[in-house]
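**Student:** Below are the structure tokens for one structure; questions will follow.
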Amino acid sequence: MRLAILGGSFNPIHYGHLFLADAVLSELHYDRVIMVPAFISPFKPAAAGMEDSARARLEMIAASIPADPRLSVDDCEIRREGVSYTVDTVADIIRRCAPDGKPGLIIGDDIAVEFPKWYKSDEILSMADIIIARRVHSGRSEIPFPYTAITNDIMEISSGAVREKIASNSAWRYLVPDAARIIIEDRKLYGCRGSDADDKPASLKNLIRRIEDEARENLNLARYLHSRHTALLAWDLCCRFRKDYPSLDPDLGYLTGIAHDLCKQLCDEEQIRLANIYGGEISSVERAKPSLLHGRACAVVLKERFKINDDEVLKAIAVHTEGGRNMSPLAKVLYIADKMEMSRVKVDPAVRTRILAGDTLDRIFIPVLERAVSSIRDRKLELSKNTLSLLEEMGMPDTAQQNGGGRSADK
């Protein structure tokens with residue numbers, strides 16, 4: 001296997017690092033680039049916090065390159081501690097990895113002219129092929145040693161600039177891979193601060209990402225976009241009404257929205273199997289149209305596969321189609337978001353705007369519920385027992401009495 005080595009502080013890793021590694025792989029046809037974060041860089045021996053951030057920098061790299069076997073990360077310099085000398089790293093990687101031929105050593109043209117001054121540079125040249133990448137918009141100086149140049153585009157981004165932007169609370173989040181961003185926010189690295197969302201543990205953010213990935217991969221595009229629009233509106237409503245209901249958490253609102261239709265496209269037998277695990281009666285209408293059970297099925301999947309045990313989240317998703325008695329504020333938020341999100345073309349934008357302008361959560365929830373009930377009746381379908389109970393609880397008994405006790409149609 002032909003290997004190339006990309007060393008640096010990676011403090012933090014950013015898209016420029018990944019783009020450079022990809023350029024070497026594409027242009028010079030190496031099989032793998034090994035990224036090696038320094039414990040203490042010989043070029044930046046006075047850089048604050050290098051030793052303290054070593055583990056986080058290593059984790060950020062590892063988290064940023066999932067499912068790409070062309071990229072690897074090696075902790076040899078961190079394990080050695082002290083100042084990280086390239087000659088030791090190249091020798092170590094050759095010994096452990098046994099590459100085909102000399103490994104490539106990637107350096108930037110901004111430091112290439114200084115290479116002869118590196119510690120034991122002659123030994124490095126005997127062990128590795130030097131690859132010089134473009135880092136600056138300037139003519140290349142005379143290089144007094146053998147090398148291969150690549151013609152990569154220059155990305156105007158540096159770790160130092162990213163750290164400055166983080167410390168000053170400027171825009172930085174899309175300069176780094178998403179997984180690295182979560183680690184930075186979770187651990188408050190580089191003076192990171194921001195919204196309440198930044199105070200959530202990385203475990204919750206990663207959970208939401210996993211669920212959203214599942215939705216995107218397993219739902220058709222229209223259903224996935226509906227789920228994401230539902231998640232966004234649920235987030236907005238949680239932010240808006242959190243002062244009235246402190247239990248409303250925008251992240252959990254987003255989670256319920258992105259997850260609520262996760263089981264919508266499962267086969268009928270699986271919908272019924274999961275609904276039986278959740279519990280409760282399955283009506284004849286539901287057996288005839290098992291997709292009506294997707295909320296209960298989803299609650300089971302979230303608990304079993306994603307280890308979610310928050311009863312409020314699970315119940316909100318389980319009842320989002322038909323509602324029911326004692327709905328929590330989160331359940332009402334999801335019910336509203338599911339039926340009012342902006343990709344629902346059958347909702348008049350003017351009506352959506354008027355309803356969502358309500359000054360309390362219930363003053364939004366009640367007209368949304370009324371519209372859902374009206375739509376079911378227009379289709380000559382029966383309301384479920386749970387919907388009837390909800391109407392009665394909300395002070396709408398006359399409306400409820402106009403129906404029998406069947407099962408509501410799907411939304």
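In the structure tokens, each chain is lettered A, B, ... as it comes, each chain's residues begin at 1, and ligands are numbered from 1 in order of appearance.
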Which residues are near Leu262 (chain A)? Cut-off 9 Å, only C-alpha atoms, ignore same chain within fewer than 6 positions. Put them as a count of residues only.
**Tutor:** 12
**Student:** Enumerate the residues of region 323-410 of chain A with a DSSP assignment of alpha helix (DSSP H), computed from the backbone, and present them as a count of residues only.
**Tutor:** 51
**Student:** How far is it from CA of Leu248 (chain A) to CA of Ala171 (chain A), in Å with one decimal?
**Tutor:** 27.3 Å
**Student:** Leaving out Arg70 (chain A) and any residue of its chain fewer than 5 positions from it, which residues lie within 12 Å of it when counting only C-alpha atoms, given as a PyMOL selection string?
**Tutor:** chain A and resi 1-5+18+21-26+29-35+65
**Student:** Which of region 116-239 of chain A end up as strand (DSSP E or B) when DSSP is run on this backbone - answer as a ChimeraX atom specification?
**Tutor:** /A:129-133,148-149
**Student:** Do you have the CA of Gly8 (chain A)-CA of Asn206 (chain A) distance handy?
**Tutor:**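 One can read the CA of Gly8 (chain A) to CA of Asn206 (chain A) distance as 26.8 Å.
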**Student:** To one decimal in Å, tell me the separation between CA of Ala275 (chain A) and CA of Arg296 (chain A).
**Tutor:**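 Atom-to-atom, CA of Ala275 (chain A) to CA of Arg296 (chain A), that is 5.4 Å.
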**Student:** Measuring atom to atom with only C-alpha atoms, identify which of A:Glu81, A:Asp122, A:Asp186, A:Glu269 is nearest to Met50 (chain A).
**Tutor:** A:Glu81
**Student:** List the neighbours of Ile124 (chain A) out to 12 Å using only C-alpha atoms; skip same-chain residues closer than 2 positions along the sequence, and give me the result as number ranges by chain.
**Tutor:** A: 85-92, 94, 102-106, 115-122, 126-130, 145-146
**Student:** Can you tell me which residues surround Ser291 (chain A) at a distance of at most 7 Å, considering only C-alpha atoms, apart from same-chain residues fewer than 6 positions away, and format the answer as a ChimeraX atom specification?
**Tutor:** /A:264,268,271
**Student:** Write a file of the selected residues as a short mmCIF file (atom, residue, chain, number, x, y, z; two decimals), in the first residue's frame, keeping N, CA and C atoms.
**Tutor:**
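Everything below was put into again-v1.cif:
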data_model
loop_
_atom_site.label_atom_id
_atom_site.label_comp_id
_atom_site.auth_asym_id
_atom_site.auth_seq_id
_atom_site.Cartn_x
_atom_site.Cartn_y
_atom_site.Cartn_z
N LYS A 264 -42.76 5.35 8.81
CA LYS A 264 -43.92 5.50 7.92
C LYS A 264 -43.87 4.55 6.74
N ASP A 268 -46.28 -3.51 6.25
CA ASP A 268 -47.43 -3.60 7.13
C ASP A 268 -47.17 -4.52 8.33
N GLN A 271 -45.06 -2.80 10.94
CA GLN A 271 -45.82 -1.75 11.65
C GLN A 271 -46.66 -2.39 12.76
#
**Student:** List the spatial neighbours of Phe306 (chain A) as a list in words - criterion: any atom at most 10 Å away, only C-alpha atoms, same-chain residues fewer than 4 positions off excluded.
**Tutor:** Leu207, Ile208, Arg210, Ile211, Val300, Val301 and Leu302 of chain A
**Student:** Using only C-alpha atoms, pick whichever of A:Ile258, A:Leu225, A:His14, A:Val36 has the shortest atom-to-atom distance to Val176 (chain A).
**Tutor:**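 So, comparing all the options, the nearest one is A:His14.
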**Student:** Select, from A:Val368, A:Ala288, A:Leu330, A:Ile93, the residue with the minimum atom-to-atom distance to Val347 (chain A), counting only C-alpha atoms.
**Tutor:**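 Among A:Val368, A:Ala288, A:Leu330, A:Ile93, it is A:Val368 that comes nearest to Val347 (chain A).
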